[in-house]
Every structure is written in C-alpha cells, then in structure tokens.
file run_23.pdb (PDB, C-alpha atoms)
ATOM      1  CA  MET E   1     -28.877   0.224 -11.691
ATOM      2  CA  ASP E   2     -27.787  -2.801  -9.717
ATOM      3  CA  ALA E   3     -24.140  -3.854  -9.368
ATOM      4  CA  PRO E   4     -24.221  -6.486 -12.154
ATOM      5  CA  ALA E   5     -25.670  -3.909 -14.579
ATOM      6  CA  VAL E   6     -22.936  -1.427 -13.647
ATOM      7  CA  ASP E   7     -20.322  -4.139 -14.227
ATOM      8  CA  ARG E   8     -21.772  -4.888 -17.668
ATOM      9  CA  VAL E   9     -21.714  -1.192 -18.629
ATOM     10  CA  LEU E  10     -18.068  -0.974 -17.529
ATOM     11  CA  GLU E  11     -17.228  -4.099 -19.550
ATOM     12  CA  ALA E  12     -18.907  -2.563 -22.594
ATOM     13  CA  ALA E  13     -16.962   0.681 -22.069
ATOM     14  CA  ALA E  14     -13.668  -1.237 -21.952
ATOM     15  CA  SER E  15     -14.662  -3.039 -25.166
ATOM     16  CA  PHE E  16     -15.470   0.299 -26.827
ATOM     17  CA  LEU E  17     -12.111   1.787 -25.876
ATOM     18  CA  ARG E  18     -10.216  -1.211 -27.284
ATOM     19  CA  SER E  19     -11.664  -0.468 -30.741
ATOM     20  CA  ARG E  20      -9.225   1.273 -33.062
ATOM     21  CA  ASP E  21     -11.538   1.386 -36.043
ATOM     22  CA  ARG E  22     -14.739   3.441 -36.189
ATOM     23  CA  THR E  23     -16.648   0.703 -38.051
ATOM     24  CA  GLU E  24     -15.693  -1.902 -35.453
ATOM     25  CA  LEU E  25     -16.586   0.523 -32.651
ATOM     26  CA  ALA E  26     -19.997   1.250 -34.194
ATOM     27  CA  GLY E  27     -20.784  -2.485 -34.253
ATOM     28  CA  ARG E  28     -19.689  -2.890 -30.641
ATOM     29  CA  ILE E  29     -21.901   0.026 -29.600
ATOM     30  CA  THR E  30     -25.055  -1.370 -31.223
ATOM     31  CA  GLY E  31     -24.285  -4.853 -29.869
ATOM     32  CA  ALA E  32     -23.840  -3.570 -26.323
ATOM     33  CA  PHE E  33     -27.073  -1.561 -26.415
ATOM     34  CA  CYS E  34     -28.991  -4.591 -27.730
ATOM     35  CA  ARG E  35     -27.587  -6.854 -24.991
ATOM     36  CA  GLU E  36     -28.029  -4.441 -22.092
ATOM     37  CA  LEU E  37     -31.449  -3.089 -22.968
ATOM     38  CA  GLY E  38     -32.864  -6.372 -24.264
ATOM     39  CA  PHE E  39     -33.388  -5.878 -28.010
ATOM     40  CA  SER E  40     -32.667  -7.979 -31.078
ATOM     41  CA  VAL E  41     -32.050  -5.083 -33.476
ATOM     42  CA  GLY E  42     -29.864  -2.009 -33.037
ATOM     43  CA  LEU E  43     -28.940   0.837 -35.377
ATOM     44  CA  LEU E  44     -26.340   3.547 -34.874
ATOM     45  CA  ARG E  45     -26.493   6.880 -36.680
ATOM     46  CA  LEU E  46     -23.611   9.324 -36.385
ATOM     47  CA  ARG E  47     -23.601  12.977 -37.379
ATOM     48  CA  GLU E  48     -21.542  13.656 -40.473
ATOM     49  CA  PRO E  49     -19.789  16.988 -39.768
ATOM     50  CA  ARG E  50     -19.725  18.066 -43.428
ATOM     51  CA  THR E  51     -23.455  17.614 -44.056
ATOM     52  CA  GLY E  52     -25.002  17.677 -40.582
ATOM     53  CA  ARG E  53     -26.981  14.543 -41.489
ATOM     54  CA  PHE E  54     -27.111  11.534 -39.176
ATOM     55  CA  GLU E  55     -25.789   8.665 -41.264
ATOM     56  CA  LEU E  56     -26.444   5.008 -40.574
ATOM     57  CA  ARG E  57     -23.084   3.518 -39.499
ATOM     58  CA  ALA E  58     -23.976   0.155 -37.950
ATOM     59  CA  ALA E  59     -26.869  -2.289 -37.828
ATOM     60  CA  THR E  60     -26.967  -5.265 -35.477
ATOM     61  CA  GLY E  61     -29.522  -8.042 -35.943
ATOM     62  CA  LEU E  62     -30.619  -7.047 -39.463
ATOM     63  CA  GLU E  63     -29.853  -8.141 -42.962
ATOM     64  CA  GLY E  64     -29.329  -5.291 -45.427
ATOM     65  CA  GLY E  65     -32.659  -5.918 -47.114
ATOM     66  CA  GLU E  66     -34.520  -5.614 -43.818
ATOM     67  CA  LEU E  67     -33.835  -1.917 -43.338
ATOM     68  CA  ARG E  68     -37.024   0.120 -43.412
ATOM     69  CA  GLN E  69     -37.248   3.219 -45.586
ATOM     70  CA  GLY E  70     -36.995   5.349 -42.424
ATOM     71  CA  ASP E  71     -33.774   3.569 -41.427
ATOM     72  CA  ARG E  72     -31.709   5.582 -43.871
ATOM     73  CA  ASP E  73     -29.947   8.855 -43.033
ATOM     74  CA  LEU E  74     -31.801  11.524 -41.043
ATOM     75  CA  GLY E  75     -31.497  15.290 -41.130
ATOM     76  CA  GLU E  76     -31.243  17.299 -37.905
ATOM     77  CA  GLU E  77     -34.916  18.378 -38.116
ATOM     78  CA  ASP E  78     -36.097  14.777 -38.610
ATOM     79  CA  LEU E  79     -34.020  13.685 -35.652
ATOM     80  CA  GLN E  80     -35.211  16.507 -33.403
ATOM     81  CA  ALA E  81     -38.828  15.596 -34.193
ATOM     82  CA  LEU E  82     -38.115  12.083 -32.887
ATOM     83  CA  LEU E  83     -36.533  13.378 -29.690
ATOM     84  CA  ASP E  84     -39.146  16.009 -28.833
ATOM     85  CA  ARG E  85     -40.979  13.592 -26.564
ATOM     86  CA  PRO E  86     -41.064  12.939 -22.833
ATOM     87  CA  SER E  87     -37.990  10.903 -21.944
ATOM     88  CA  ARG E  88     -37.924   7.631 -20.084
ATOM     89  CA  PRO E  89     -35.394   6.478 -17.493
ATOM     90  CA  GLY E  90     -31.921   6.374 -19.012
ATOM     91  CA  ARG E  91     -32.504   9.457 -21.171
ATOM     92  CA  CYS E  92     -34.227   7.480 -23.922
ATOM     93  CA  TRP E  93     -37.427   7.849 -25.904
ATOM     94  CA  ILE E  94     -39.907   5.349 -27.259
ATOM     95  CA  HIS E  95     -41.737   6.297 -30.416
ATOM     96  CA  PRO E  96     -44.654   6.001 -30.631
ATOM     97  CA  ASP E  97     -45.122   6.180 -26.880
ATOM     98  CA  GLU E  98     -48.199   4.046 -26.278
ATOM     99  CA  GLY E  99     -49.011   0.822 -24.523
ATOM    100  CA  PRO E 100     -46.877  -1.882 -22.918
ATOM    101  CA  ARG E 101     -46.743  -4.126 -26.027
ATOM    102  CA  TRP E 102     -44.113  -3.497 -28.660
ATOM    103  CA  SER E 103     -45.502  -2.948 -32.170
ATOM    104  CA  GLU E 104     -43.911  -2.852 -35.605
ATOM    105  CA  GLU E 105     -43.926   0.968 -35.474
ATOM    106  CA  HIS E 106     -42.098   1.223 -32.135
ATOM    107  CA  ARG E 107     -38.472   2.247 -31.764
ATOM    108  CA  LEU E 108     -36.429   3.023 -28.666
ATOM    109  CA  HIS E 109     -34.176   6.046 -29.297
ATOM    110  CA  VAL E 110     -31.089   6.799 -27.213
ATOM    111  CA  PRO E 111     -29.378  10.094 -28.092
ATOM    112  CA  LEU E 112     -25.591  10.282 -27.918
ATOM    113  CA  ARG E 113     -24.696  13.764 -26.698
ATOM    114  CA  HIS E 114     -21.287  15.345 -26.212
ATOM    115  CA  GLN E 115     -20.978  18.151 -23.687
ATOM    116  CA  GLU E 116     -19.453  20.564 -26.203
ATOM    117  CA  GLU E 117     -20.574  19.197 -29.571
ATOM    118  CA  GLY E 118     -24.191  18.492 -28.706
ATOM    119  CA  LEU E 119     -25.974  15.614 -30.416
ATOM    120  CA  VAL E 120     -23.367  13.418 -32.142
ATOM    121  CA  GLY E 121     -25.406  10.293 -32.738
ATOM    122  CA  LEU E 122     -28.463   8.203 -32.080
ATOM    123  CA  VAL E 123     -28.906   4.560 -31.166
ATOM    124  CA  GLU E 124     -32.221   3.059 -32.257
ATOM    125  CA  LEU E 125     -33.408  -0.256 -30.869
ATOM    126  CA  ASP E 126     -36.180  -2.550 -32.039
ATOM    127  CA  ARG E 127     -37.627  -6.037 -31.527
ATOM    128  CA  PRO E 128     -37.484  -6.906 -27.853
ATOM    129  CA  PRO E 129     -37.576 -10.731 -27.785
ATOM    130  CA  ASP E 130     -40.487 -10.813 -25.343
ATOM    131  CA  GLY E 131     -42.536  -8.322 -27.382
ATOM    132  CA  MET E 132     -42.915  -5.922 -24.441
ATOM    133  CA  VAL E 133     -41.698  -2.370 -23.805
ATOM    134  CA  PRO E 134     -38.744  -2.695 -21.386
ATOM    135  CA  GLY E 135     -39.315  -1.571 -17.815
ATOM    136  CA  PRO E 136     -37.646   1.442 -16.176
ATOM    137  CA  GLU E 137     -34.974  -0.616 -14.410
ATOM    138  CA  ARG E 138     -33.692  -2.018 -17.695
ATOM    139  CA  LEU E 139     -33.802   1.376 -19.422
ATOM    140  CA  ARG E 140     -31.615   3.013 -16.751
ATOM    141  CA  ALA E 141     -28.520   1.457 -18.364
ATOM    142  CA  ALA E 142     -29.088   3.540 -21.520
ATOM    143  CA  GLY E 143     -27.685   6.787 -20.060
ATOM    144  CA  PRO E 144     -24.352   5.438 -18.753
ATOM    145  CA  LEU E 145     -23.930   3.303 -21.869
ATOM    146  CA  ALA E 146     -24.548   6.360 -24.073
ATOM    147  CA  ASP E 147     -21.959   8.367 -22.107
ATOM    148  CA  GLN E 148     -19.366   5.629 -22.601
ATOM    149  CA  ALA E 149     -20.185   5.343 -26.311
ATOM    150  CA  VAL E 150     -19.664   9.092 -26.801
ATOM    151  CA  LEU E 151     -16.355   8.938 -24.946
ATOM    152  CA  ALA E 152     -15.166   6.064 -27.157
ATOM    153  CA  LEU E 153     -16.321   7.790 -30.362
ATOM    154  CA  ARG E 154     -14.392  10.929 -29.390
ATOM    155  CA  SER E 155     -11.337   8.856 -28.506
ATOM    156  CA  CYS E 156     -11.481   7.084 -31.873
ATOM    157  CA  ALA E 157     -11.826  10.412 -33.721
ATOM    158  CA  CYS E 158      -8.844  11.868 -31.828
ATOM    159  CA  GLN E 159      -6.771   8.813 -32.672
ATOM    160  CA  GLU E 160      -7.690   9.138 -36.361
ATOM    161  CA  GLN E 161      -6.654  12.822 -36.312
ATOM    162  CA  MET E 162      -3.321  11.973 -34.693
ATOM    163  CA  GLU E 163      -2.664   9.301 -37.327
ATOM    164  CA  GLU E 164      -3.285  11.827 -40.107
TER     165      GLU E 164
END

call {"tool": "encode", "arguments": {"input": "run_23.pdb", "output": "structure tokens"}}
result
Amino acid sequence: MDAPAVDRVLEAAASFLRSRDRTELAGRITGAFCRELGFSVGLLRLREPRTGRFELRAATGLEGGELRQGDRDLGEEDLQALLDRPSRPGRCWIHPDEGPRWSEEHRLHVPLRHQEEGLVGLVELDRPPDGMVPGPERLRAAGPLADQAVLALRSCACQEQMEE
C-alpha cells in the first residue's frame, strides 16, 4: 500500500474508534470499505453469539428492497463455503472467481477475524463503478481495514459491557 492509502486506513480506524454505537460503527465500516476498495455497495454481517448466525447489520448503497435473497443472514456453514476459495491480496475473496469484468453474481468478501474469537464478521462488496474487478494494489487495503474494524467492534462491545 502506498502512503496515501495507509493514511486513509488510519483515518478510517480513527472514525471507527469514535463510534459509541454499534449501528453507527457498522455503517462507518461498510462506508470505509466501499470508499477504499472502490465499490458502490457494502454489507456487513456480524456473528450473533447466541445463534452463531452471521446477521446483516449494515448496508451501504442499497435501498431495503434491493437486498437479494442471499443477502439475509448466513449460517457458519454457508459462510465457510463462501470463504473456501483462493484468497486475493488483502485477505479477500471474489465469488465467483472468474474474469476481469464484474457481473451481477460477483461479490467481494472480506472476513473479519479476531485472534481469539475467530471469524466475527464478513464485509461483502458489490458494484464497482467501473464494472471491473479491482486490481491487487487496491485490494491490499482490505486486510488492514479489516483489522481496524475488528478492533473497533471489540472496543464497542467492551464499552457496552462496561455500561451494563
């Protein structure tokens, strides 16, 4: 990543950490991923500890009626099937992984992993404005951005526990 990209990731991280509400944080996360990786649509799924399902918590760039059937909650097996693919730079996956042009079936998946808790969430991106699969240089920002998102999600959860 070049210096401006690093600066943008650090700015996004600071924005994440200023969030005191999980809903606000979820929106900031999807917005930052869309901006940095060059997409118009972003979804964030977070693991619900009680059920183990990955619930849709934020959608950027979509109206409620635009969600596809597959955009609803995912179980762990469904999610693992998406991630069992060769990764790209930035620890992300494109499904289906074919061709340089973006199609209606494509999605870019960025897993959010915590060192101790494992997979805690998934960012899904769609609709690059230029209609092309992003190049490796652009995708490299996904890993550091994911790390900062996980840190902010954990910080928000700790704050909520302290308030209780």

call {"tool": "closest_residue", "arguments": {"input": "run_23.pdb", "among": "E:Leu17, E:Leu37, E:Val123, E:Val133", "to": "Gln148 of chain E", "atoms": "only C-alpha atoms"}}
result
E:Leu17

call {"tool": "closest_residue", "arguments": {"input": "run_23.pdb", "among": "E:Arg88, E:Arg47, E:Arg107, E:His95", "to": "Leu122 of chain E", "atoms": "all atoms listed in the file"}}
result
E:Arg47

call {"tool": "residues_around", "arguments": {"input": "run_23.pdb", "residues": "Glu163 of chain E", "least_positions_apart": "5", "cutoff": "12 Å", "atoms": "all atoms listed in the file", "output": "number ranges by chain"}}
result
E: 20-21, 156-158

call {"tool": "atom_distance", "arguments": {"input": "run_23.pdb", "atom1": "atom CA of Asp2 of chain E", "atom2": "atom CA of Gly31 of chain E"}}
result
20.6 Å

call {"tool": "closest_residue", "arguments": {"input": "run_23.pdb", "among": "E:Ala59, E:Met1, E:Leu46, E:Ala142", "to": "Gly27 of chain E", "atoms": "only C-alpha atoms"}}
result
E:Ala59

call {"tool": "closest_residue", "arguments": {"input": "run_23.pdb", "among": "E:Ala3, E:Leu44, E:Met132, E:Leu79", "to": "Gly99 of chain E", "atoms": "all atoms listed in the file"}}
result
E:Met132

call {"tool": "resolve_selection", "arguments": {"input": "run_23.pdb", "expression": "the PyMOL selection byres ((chain E and resi 92) around 7)", "output": "PDB file with C-alpha atoms, in the frame of the given file"}}
result
ATOM      1  CA  SER E  87     -37.990  10.903 -21.944  1.00  0.00           C
ATOM      2  CA  ARG E  88     -37.924   7.631 -20.084  1.00  0.00           C
ATOM      3  CA  PRO E  89     -35.394   6.478 -17.493  1.00  0.00           C
ATOM      4  CA  GLY E  90     -31.921   6.374 -19.012  1.00  0.00           C
ATOM      5  CA  ARG E  91     -32.504   9.457 -21.171  1.00  0.00           C
ATOM      6  CA  TRP E  93     -37.427   7.849 -25.904  1.00  0.00           C
ATOM      7  CA  ILE E  94     -39.907   5.349 -27.259  1.00  0.00           C
ATOM      8  CA  LEU E 108     -36.429   3.023 -28.666  1.00  0.00           C
ATOM      9  CA  HIS E 109     -34.176   6.046 -29.297  1.00  0.00           C
ATOM     10  CA  VAL E 110     -31.089   6.799 -27.213  1.00  0.00           C
ATOM     11  CA  PRO E 111     -29.378  10.094 -28.092  1.00  0.00           C
ATOM     12  CA  ALA E 142     -29.088   3.540 -21.520  1.00  0.00           C
TER      13      ALA E 142
END

call {"tool": "residues_around", "arguments": {"input": "run_23.pdb", "residues": "Val150 of chain E", "least_positions_apart": "3", "cutoff": "8 Å", "atoms": "all atoms listed in the file", "output": "ChimeraX atom specification"}}
result
/E:112-114,120,146-147,153-154

call {"tool": "resolve_selection", "arguments": {"input": "run_23.pdb", "expression": "the PyMOL selection byres ((chain E and resi 29) around 9)", "output": "mmCIF file with C-alpha atoms, in the frame of the given file"}}
result
data_model
loop_
_atom_site.group_PDB
_atom_site.id
_atom_site.type_symbol
_atom_site.label_atom_id
_atom_site.label_comp_id
_atom_site.auth_asym_id
_atom_site.auth_seq_id
_atom_site.Cartn_x
_atom_site.Cartn_y
_atom_site.Cartn_z
ATOM 1 C CA ALA E 12 -18.907 -2.563 -22.594
ATOM 2 C CA PHE E 16 -15.470 0.299 -26.827
ATOM 3 C CA GLU E 24 -15.693 -1.902 -35.453
ATOM 4 C CA LEU E 25 -16.586 0.523 -32.651
ATOM 5 C CA ALA E 26 -19.997 1.250 -34.194
ATOM 6 C CA GLY E 27 -20.784 -2.485 -34.253
ATOM 7 C CA ARG E 28 -19.689 -2.890 -30.641
ATOM 8 C CA THR E 30 -25.055 -1.370 -31.223
ATOM 9 C CA GLY E 31 -24.285 -4.853 -29.869
ATOM 10 C CA ALA E 32 -23.840 -3.570 -26.323
ATOM 11 C CA PHE E 33 -27.073 -1.561 -26.415
ATOM 12 C CA CYS E 34 -28.991 -4.591 -27.730
ATOM 13 C CA GLY E 42 -29.864 -2.009 -33.037
ATOM 14 C CA LEU E 44 -26.340 3.547 -34.874
ATOM 15 C CA ALA E 58 -23.976 0.155 -37.950
ATOM 16 C CA VAL E 123 -28.906 4.560 -31.166
ATOM 17 C CA LEU E 145 -23.930 3.303 -21.869
ATOM 18 C CA ALA E 146 -24.548 6.360 -24.073
ATOM 19 C CA ALA E 149 -20.185 5.343 -26.311
#

call {"tool": "resolve_selection", "arguments": {"input": "run_23.pdb", "expression": "the PyMOL selection byres ((chain E and resi 61) around 8)", "output": "number ranges by chain"}}
result
E: 40-42, 59-60, 62-63

call {"tool": "atom_distance", "arguments": {"input": "run_23.pdb", "atom1": "atom CA of Ala5 of chain E", "atom2": "atom CA of Pro129 of chain E"}}
result
19.0 Å

call {"tool": "atom_distance", "arguments": {"input": "run_23.pdb", "atom1": "atom CA of Leu43 of chain E", "atom2": "atom CA of Leu125 of chain E"}}
result
6.4 Å

call {"tool": "closest_residue", "arguments": {"input": "run_23.pdb", "among": "E:Glu77, E:Pro144, E:Trp102, E:Glu116", "to": "Gly131 of chain E", "atoms": "only C-alpha atoms"}}
result
E:Trp102

call {"tool": "closest_residue", "arguments": {"input": "run_23.pdb", "among": "E:Ala152, E:Glu124, E:Gln80, E:Arg45", "to": "Ser15 of chain E", "atoms": "only C-alpha atoms"}}
result
E:Ala152

call {"tool": "residues_around", "arguments": {"input": "run_23.pdb", "residues": "Glu76 of chain E", "least_positions_apart": "6", "cutoff": "12 Å", "atoms": "all atoms listed in the file", "output": "PyMOL selection string"}}
result
chain E and resi 45-49+51-55+82-83+118-122

call {"tool": "decode", "arguments": {"input": "run_23.pdb", "residues": "segment 150-161 of chain E", "atoms": "N, CA, C and O atoms", "output": "PDB file, in the first residue's frame"}}
result
ATOM      1  N   VAL E 150     -12.224  -4.917  13.209  1.00  0.00           N
ATOM      2  CA  VAL E 150     -12.350  -5.887  14.305  1.00  0.00           C
ATOM      3  C   VAL E 150     -11.986  -5.229  15.630  1.00  0.00           C
ATOM      4  O   VAL E 150     -12.688  -5.401  16.636  1.00  0.00           O
ATOM      5  N   LEU E 151     -10.909  -4.470  15.638  1.00  0.00           N
ATOM      6  CA  LEU E 151     -10.501  -3.763  16.852  1.00  0.00           C
ATOM      7  C   LEU E 151     -11.616  -2.840  17.344  1.00  0.00           C
ATOM      8  O   LEU E 151     -11.956  -2.824  18.532  1.00  0.00           O
ATOM      9  N   ALA E 152     -12.232  -2.091  16.446  1.00  0.00           N
ATOM     10  CA  ALA E 152     -13.298  -1.167  16.825  1.00  0.00           C
ATOM     11  C   ALA E 152     -14.545  -1.917  17.293  1.00  0.00           C
ATOM     12  O   ALA E 152     -15.198  -1.500  18.260  1.00  0.00           O
ATOM     13  N   LEU E 153     -14.878  -3.024  16.649  1.00  0.00           N
ATOM     14  CA  LEU E 153     -16.033  -3.821  17.084  1.00  0.00           C
ATOM     15  C   LEU E 153     -15.819  -4.366  18.488  1.00  0.00           C
ATOM     16  O   LEU E 153     -16.728  -4.349  19.322  1.00  0.00           O
ATOM     17  N   ARG E 154     -14.608  -4.832  18.766  1.00  0.00           N
ATOM     18  CA  ARG E 154     -14.298  -5.340  20.118  1.00  0.00           C
ATOM     19  C   ARG E 154     -14.348  -4.208  21.133  1.00  0.00           C
ATOM     20  O   ARG E 154     -14.861  -4.368  22.238  1.00  0.00           O
ATOM     21  N   SER E 155     -13.838  -3.054  20.773  1.00  0.00           N
ATOM     22  CA  SER E 155     -13.853  -1.903  21.666  1.00  0.00           C
ATOM     23  C   SER E 155     -15.289  -1.497  21.984  1.00  0.00           C
ATOM     24  O   SER E 155     -15.632  -1.215  23.145  1.00  0.00           O
ATOM     25  N   CYS E 156     -16.139  -1.483  20.985  1.00  0.00           N
ATOM     26  CA  CYS E 156     -17.545  -1.123  21.163  1.00  0.00           C
ATOM     27  C   CYS E 156     -18.244  -2.147  22.072  1.00  0.00           C
ATOM     28  O   CYS E 156     -19.011  -1.776  22.959  1.00  0.00           O
ATOM     29  N   ALA E 157     -17.960  -3.421  21.865  1.00  0.00           N
ATOM     30  CA  ALA E 157     -18.563  -4.472  22.700  1.00  0.00           C
ATOM     31  C   ALA E 157     -18.106  -4.350  24.152  1.00  0.00           C
ATOM     32  O   ALA E 157     -18.906  -4.490  25.078  1.00  0.00           O
ATOM     33  N   CYS E 158     -16.824  -4.049  24.356  1.00  0.00           N
ATOM     34  CA  CYS E 158     -16.306  -3.867  25.722  1.00  0.00           C
ATOM     35  C   CYS E 158     -16.968  -2.662  26.389  1.00  0.00           C
ATOM     36  O   CYS E 158     -17.327  -2.720  27.568  1.00  0.00           O
ATOM     37  N   GLN E 159     -17.147  -1.613  25.647  1.00  0.00           N
ATOM     38  CA  GLN E 159     -17.795  -0.416  26.189  1.00  0.00           C
ATOM     39  C   GLN E 159     -19.232  -0.722  26.585  1.00  0.00           C
ATOM     40  O   GLN E 159     -19.712  -0.320  27.636  1.00  0.00           O
ATOM     41  N   GLU E 160     -19.947  -1.481  25.745  1.00  0.00           N
ATOM     42  CA  GLU E 160     -21.325  -1.859  26.054  1.00  0.00           C
ATOM     43  C   GLU E 160     -21.377  -2.708  27.322  1.00  0.00           C
ATOM     44  O   GLU E 160     -22.271  -2.526  28.155  1.00  0.00           O
ATOM     45  N   GLN E 161     -20.426  -3.626  27.476  1.00  0.00           N
ATOM     46  CA  GLN E 161     -20.381  -4.461  28.696  1.00  0.00           C
ATOM     47  C   GLN E 161     -20.119  -3.618  29.922  1.00  0.00           C
ATOM     48  O   GLN E 161     -20.725  -3.833  30.976  1.00  0.00           O
TER      49      GLN E 161
END
